[in-house]
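S.K.: My structure is below; once you've seen it, I'll send some questions.
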Amino acid sequence: MAAKLRPRVMLPRSESTSAARAAEARGRQLQRLVGRRASGYILARMRFEIVLAPGAARALKALRADWRSEVRDAIETHLRHEPRKASKSRIKRLRGMSKPQFRLRVGEIRVFYDVTNEAVEVLAIVTKAEAQAWLEE
């Protein structure tokens, strides 16, 4: 059965409609850049440099490929702009220790890192089973 086509009525665009559409387009573009719903305000967010310690770089290369990509994505997502923002499950500030200051949980992998003014220093990337032993070293 063929679908019936309705005649399309074109209404003249008013300037307010085109301005509203332009504002919506800017909002969608900003949302794509930021990665989440934008408020319309462009906030300056500092980008931290991510520095891997030699042991952390070796550990990252030694991970399975799927875990490695998850860890890289999590480091880029969570540590690039707001590495000090603690959450209930993902980022935890470690108390009673001078180093490392924070822990990032990515599935079964734990990323231990310190934050300076301009950089995030990743000290270790270990599995959950090895995490306690690494902290006691």
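Ordering of the structure tokens sets the chain letters (A, B, ...); residue numbers start at 1 within each chain; ligands are numbered from 1 in the order shown.
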I want to know what sits within 8 Å of A:Val115, based on only C-alpha atoms, with residues of the same chain fewer than 6 positions away left out; could you give that as an MDAnalysis selection string?
M.R.: chainID A and resid 83:84 101 121
S.K.: Next, the residues of the selection above should be written as a PDB file, in the first residue's frame with N, CA and C atoms.
M.R.:
```
ATOM      1  N   PRO A  83      40.847  16.839  37.376  1.00  0.00           N
ATOM      2  CA  PRO A  83      41.405  15.666  38.051  1.00  0.00           C
ATOM      3  C   PRO A  83      41.168  15.642  39.558  1.00  0.00           C
ATOM      4  N   ARG A  84      40.836  16.781  40.148  1.00  0.00           N
ATOM      5  CA  ARG A  84      40.619  16.833  41.600  1.00  0.00           C
ATOM      6  C   ARG A  84      39.165  16.603  41.988  1.00  0.00           C
ATOM      7  N   GLN A 101      48.031  11.034  45.559  1.00  0.00           N
ATOM      8  CA  GLN A 101      46.948  11.827  46.124  1.00  0.00           C
ATOM      9  C   GLN A 101      45.572  11.290  45.755  1.00  0.00           C
ATOM     10  N   GLU A 121      50.289  13.736  37.159  1.00  0.00           N
ATOM     11  CA  GLU A 121      51.373  12.758  37.095  1.00  0.00           C
ATOM     12  C   GLU A 121      50.813  11.384  37.443  1.00  0.00           C
TER      13      GLU A 121
END
```
S.K.: Between A:Glu136, A:Glu108, A:Asp73, A:Glu82, single out the one closest to A:Phe48, counting only C-alpha atoms.
M.R.: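 So, comparing all the options, the nearest one is A:Glu82.
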S.K.: With only C-alpha atoms as the basis for distance, which of A:Val106, A:Arg72, A:Arg90, A:Leu79 is at the shortest distance from A:Ala119?
M.R.: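 Using only C-alpha atoms, the shortest distance to A:Ala119 belongs to A:Leu79.
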S.K.: Might you pull out every residue within 12 Å of A:Glu76, with only C-alpha atoms counted and same-chain residues fewer than 4 positions away left off, and present them as an NGL selection string?
M.R.: :A and (47-51 or 69-72 or 80-83 or 104 or 120 or 122)
S.K.: For atom CA of A:Arg93 and atom CA of A:Ala65, determine how far apart the two atoms are, in Å to one decimal place.
M.R.: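 Distance between the two atoms: 27.7 Å.
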S.K.: Based on the backbone DSSP call, show me all residues of stretch 51-84 of chain A assigned alpha helix (DSSP H), as a ChimeraX atom specification.
M.R.: /A:54-62,65-74
S.K.: For A:Arg68, which residue out of A:Tyr113, A:Leu135, A:Ala56, A:Lys99 is the nearest one, using only C-alpha atoms?
M.R.: A:Ala56
